[in-house]
Amino acid sequence: MAEGDGVATQGIRVRLDGRAAERDIGALRKWLERELPLHERIDAGELRIHERPRTDGAGAPMGVGMDLVLVVTGAGAAVIFEELLEQVKRAVSAWRANRGAVETGDPPDAEVEPVNVDDR
């Protein structure tokens with residue numbers, strides 16, 4: 001059986017707007033990895049976070065930029081997906097608030113949305 005065969009896989013894409021610096025992607029990833037509900041899922045092997053080159057709707061690279069893609073795996077992925085999506089939205093919102101408090105300038109806007117992992 002190949003890796004991932006028979007395992008439900010869904011994803012959540014976090015995209016920061018054009019004001020985001022490269023360090024913002026790394027800082028947001030670390031923030032997400034430390035958020036307790038997400039951290040627990042990472043430790044359990046139910047969640048992985050990847051940095052991916054930004055692409056357009058057809059999958060073609062879009063200049064400079066990275067997205068974070070959180071990949072939810074396992075037989076229960078569909079059951080926990082909506083809850084996990086809300087947790088990621090709250091965590092990104094908290095990161096933006098923290099970023100605005102500790103650095104000058106407005107934090108980048110963020111878009112959090114479900115994504116078909118196979119079409120990334």
# chains A, B, ... in the order shown; residues from 1 in each chain; ligands from 1

call {"tool": "select_by_dssp", "arguments": {"residues": "chain A", "states": "strand (DSSP E)", "output": "ChimeraX atom specification"}}
result
/A:9-16,47-55,61-73,110-115

call {"tool": "write_last_selection", "arguments": {"atoms": "C-alpha atoms", "output": "PDB file, in the first residue's frame"}}
result
ATOM      1  CA  THR A   9      -6.597  13.709   3.530  1.00  0.00           C
ATOM      2  CA  GLN A  10      -7.865  17.279   3.678  1.00  0.00           C
ATOM      3  CA  GLY A  11      -6.026  20.533   3.876  1.00  0.00           C
ATOM      4  CA  ILE A  12      -6.263  24.072   5.140  1.00  0.00           C
ATOM      5  CA  ARG A  13      -4.385  26.809   3.303  1.00  0.00           C
ATOM      6  CA  VAL A  14      -3.201  29.922   5.115  1.00  0.00           C
ATOM      7  CA  ARG A  15      -2.285  32.696   2.704  1.00  0.00           C
ATOM      8  CA  LEU A  16      -0.810  36.006   3.843  1.00  0.00           C
ATOM      9  CA  LEU A  47      -1.625  17.063  11.197  1.00  0.00           C
ATOM     10  CA  ARG A  48       1.379  18.252   9.203  1.00  0.00           C
ATOM     11  CA  ILE A  49       2.276  21.822   8.284  1.00  0.00           C
ATOM     12  CA  HIS A  50       4.058  22.506   4.996  1.00  0.00           C
ATOM     13  CA  GLU A  51       5.292  25.659   3.327  1.00  0.00           C
ATOM     14  CA  ARG A  52       4.325  25.685  -0.345  1.00  0.00           C
ATOM     15  CA  PRO A  53       5.114  28.118  -3.152  1.00  0.00           C
ATOM     16  CA  ARG A  54       2.102  30.329  -3.800  1.00  0.00           C
ATOM     17  CA  THR A  55       0.054  29.261  -6.832  1.00  0.00           C
ATOM     18  CA  PRO A  61       3.422  29.515  -9.417  1.00  0.00           C
ATOM     19  CA  MET A  62       2.552  33.121  -8.515  1.00  0.00           C
ATOM     20  CA  GLY A  63       5.779  35.086  -8.181  1.00  0.00           C
ATOM     21  CA  VAL A  64       7.413  35.272  -4.790  1.00  0.00           C
ATOM     22  CA  GLY A  65       5.470  34.027  -1.822  1.00  0.00           C
ATOM     23  CA  MET A  66       4.643  31.039   0.261  1.00  0.00           C
ATOM     24  CA  ASP A  67       1.470  29.571   1.679  1.00  0.00           C
ATOM     25  CA  LEU A  68       1.175  27.353   4.695  1.00  0.00           C
ATOM     26  CA  VAL A  69      -0.795  24.186   4.049  1.00  0.00           C
ATOM     27  CA  LEU A  70      -1.974  22.189   7.039  1.00  0.00           C
ATOM     28  CA  VAL A  71      -2.626  18.609   5.965  1.00  0.00           C
ATOM     29  CA  VAL A  72      -5.093  16.628   8.057  1.00  0.00           C
ATOM     30  CA  THR A  73      -4.672  12.862   7.759  1.00  0.00           C
ATOM     31  CA  ALA A 110      -4.560  36.389   6.187  1.00  0.00           C
ATOM     32  CA  GLU A 111      -6.921  34.099   4.342  1.00  0.00           C
ATOM     33  CA  VAL A 112      -7.700  30.693   5.840  1.00  0.00           C
ATOM     34  CA  GLU A 113      -9.602  28.282   3.627  1.00  0.00           C
ATOM     35  CA  PRO A 114     -10.116  24.589   2.951  1.00  0.00           C
ATOM     36  CA  VAL A 115      -8.058  23.231   0.096  1.00  0.00           C
TER      37      VAL A 115
END

call {"tool": "atom_distance", "arguments": {"atom1": "atom CA of Pro108 of chain A", "atom2": "atom CA of Gly18 of chain A"}}
result
7.4 Å

call {"tool": "closest_residue", "arguments": {"among": "A:Thr104, A:Leu84, A:Asn116, A:Ala97", "to": "Glu35 of chain A", "atoms": "only C-alpha atoms"}}
result
A:Leu84

call {"tool": "select_by_dssp", "arguments": {"residues": "chain A", "states": "alpha helix (DSSP H)", "output": "JSON, numbers by chain"}}
result
{"A": [22, 23, 24, 25, 26, 27, 28, 29, 30, 31, 32, 33, 34, 36, 37, 38, 39, 40, 41, 42, 43, 77, 78, 79, 80, 81, 82, 83, 84, 85, 86, 87, 88, 89, 90, 91, 92, 93, 94, 95, 96, 97, 98, 99, 100, 101, 102]}

call {"tool": "atom_distance", "arguments": {"atom1": "atom CA of Gly74 of chain A", "atom2": "atom CA of Gly45 of chain A"}}
result
8.4 Å

call {"tool": "closest_residue", "arguments": {"among": "A:Ala44, A:Glu103, A:Glu82, A:Leu38", "to": "Arg23 of chain A", "atoms": "only C-alpha atoms"}}
result
A:Glu103

call {"tool": "closest_residue", "arguments": {"among": "A:Val117, A:Asp106, A:Phe81, A:Glu46", "to": "Asp17 of chain A", "atoms": "only C-alpha atoms"}}
result
A:Asp106

call {"tool": "atom_distance", "arguments": {"atom1": "atom CA of Glu22 of chain A", "atom2": "atom CA of Ile42 of chain A"}}
result
23.2 Å

call {"tool": "residues_around", "arguments": {"residues": "Pro37 of chain A", "least_positions_apart": "3", "cutoff": "12 Å", "atoms": "only C-alpha atoms", "output": "list in words"}}
result
Trp31, Leu32, Glu33, Arg34, Glu40, Arg41, Ile42, Asp43, Ala44, Glu46, Leu47, Ile80, Glu83, Leu84, Leu85, Glu86, Gln87, Val88, Arg90 and Ala91 of chain A

call {"tool": "write_last_selection", "arguments": {"atoms": "N, CA and C atoms", "output": "short mmCIF file (atom, residue, chain, number, x, y, z; two decimals), in the first residue's frame"}}
result
data_model
loop_
_atom_site.label_atom_id
_atom_site.label_comp_id
_atom_site.auth_asym_id
_atom_site.auth_seq_id
_atom_site.Cartn_x
_atom_site.Cartn_y
_atom_site.Cartn_z
N TRP A 31 4.08 29.71 15.33
CA TRP A 31 2.93 30.02 16.19
C TRP A 31 1.90 28.88 16.11
N LEU A 32 1.58 28.46 14.89
CA LEU A 32 0.60 27.39 14.71
C LEU A 32 1.08 26.08 15.35
N GLU A 33 2.37 25.79 15.20
CA GLU A 33 2.91 24.55 15.77
C GLU A 33 2.83 24.53 17.30
N ARG A 34 2.81 25.72 17.92
CA ARG A 34 2.75 25.81 19.38
C ARG A 34 1.33 25.91 19.93
N GLU A 40 -1.13 19.22 19.64
CA GLU A 40 -1.53 17.85 20.01
C GLU A 40 -1.78 17.00 18.77
N ARG A 41 -2.39 17.58 17.75
CA ARG A 41 -2.67 16.83 16.51
C ARG A 41 -1.37 16.54 15.74
N ILE A 42 -0.42 17.47 15.79
CA ILE A 42 0.88 17.24 15.15
C ILE A 42 1.58 16.08 15.85
N ASP A 43 1.59 16.11 17.19
CA ASP A 43 2.24 15.04 17.95
C ASP A 43 1.59 13.68 17.70
N ALA A 44 0.28 13.68 17.46
CA ALA A 44 -0.45 12.43 17.22
C ALA A 44 -0.31 11.95 15.78
N GLU A 46 -1.65 13.42 13.19
CA GLU A 46 -2.89 13.71 12.47
C GLU A 46 -2.82 15.01 11.67
N LEU A 47 -1.74 15.76 11.84
CA LEU A 47 -1.63 17.06 11.20
C LEU A 47 -0.17 17.33 10.85
N ILE A 80 -13.00 15.67 12.18
CA ILE A 80 -12.38 16.78 12.93
C ILE A 80 -12.12 18.01 12.07
N GLU A 83 -13.81 21.53 12.94
CA GLU A 83 -13.29 22.01 14.22
C GLU A 83 -11.87 22.52 14.05
N LEU A 84 -11.06 21.78 13.31
CA LEU A 84 -9.68 22.17 13.07
C LEU A 84 -9.60 23.46 12.26
N LEU A 85 -10.46 23.61 11.27
CA LEU A 85 -10.50 24.83 10.47
C LEU A 85 -10.77 26.04 11.37
N GLU A 86 -11.71 25.94 12.29
CA GLU A 86 -12.00 27.04 13.21
C GLU A 86 -10.83 27.31 14.15
N GLN A 87 -10.15 26.25 14.61
CA GLN A 87 -8.98 26.42 15.47
C GLN A 87 -7.88 27.16 14.73
N VAL A 88 -7.66 26.83 13.46
CA VAL A 88 -6.63 27.50 12.66
C VAL A 88 -7.01 28.98 12.47
N ARG A 90 -8.80 30.87 14.43
CA ARG A 90 -8.56 31.57 15.70
C ARG A 90 -7.07 31.78 15.95
N ALA A 91 -6.26 30.77 15.65
CA ALA A 91 -4.82 30.87 15.87
C ALA A 91 -4.19 31.93 14.97
#
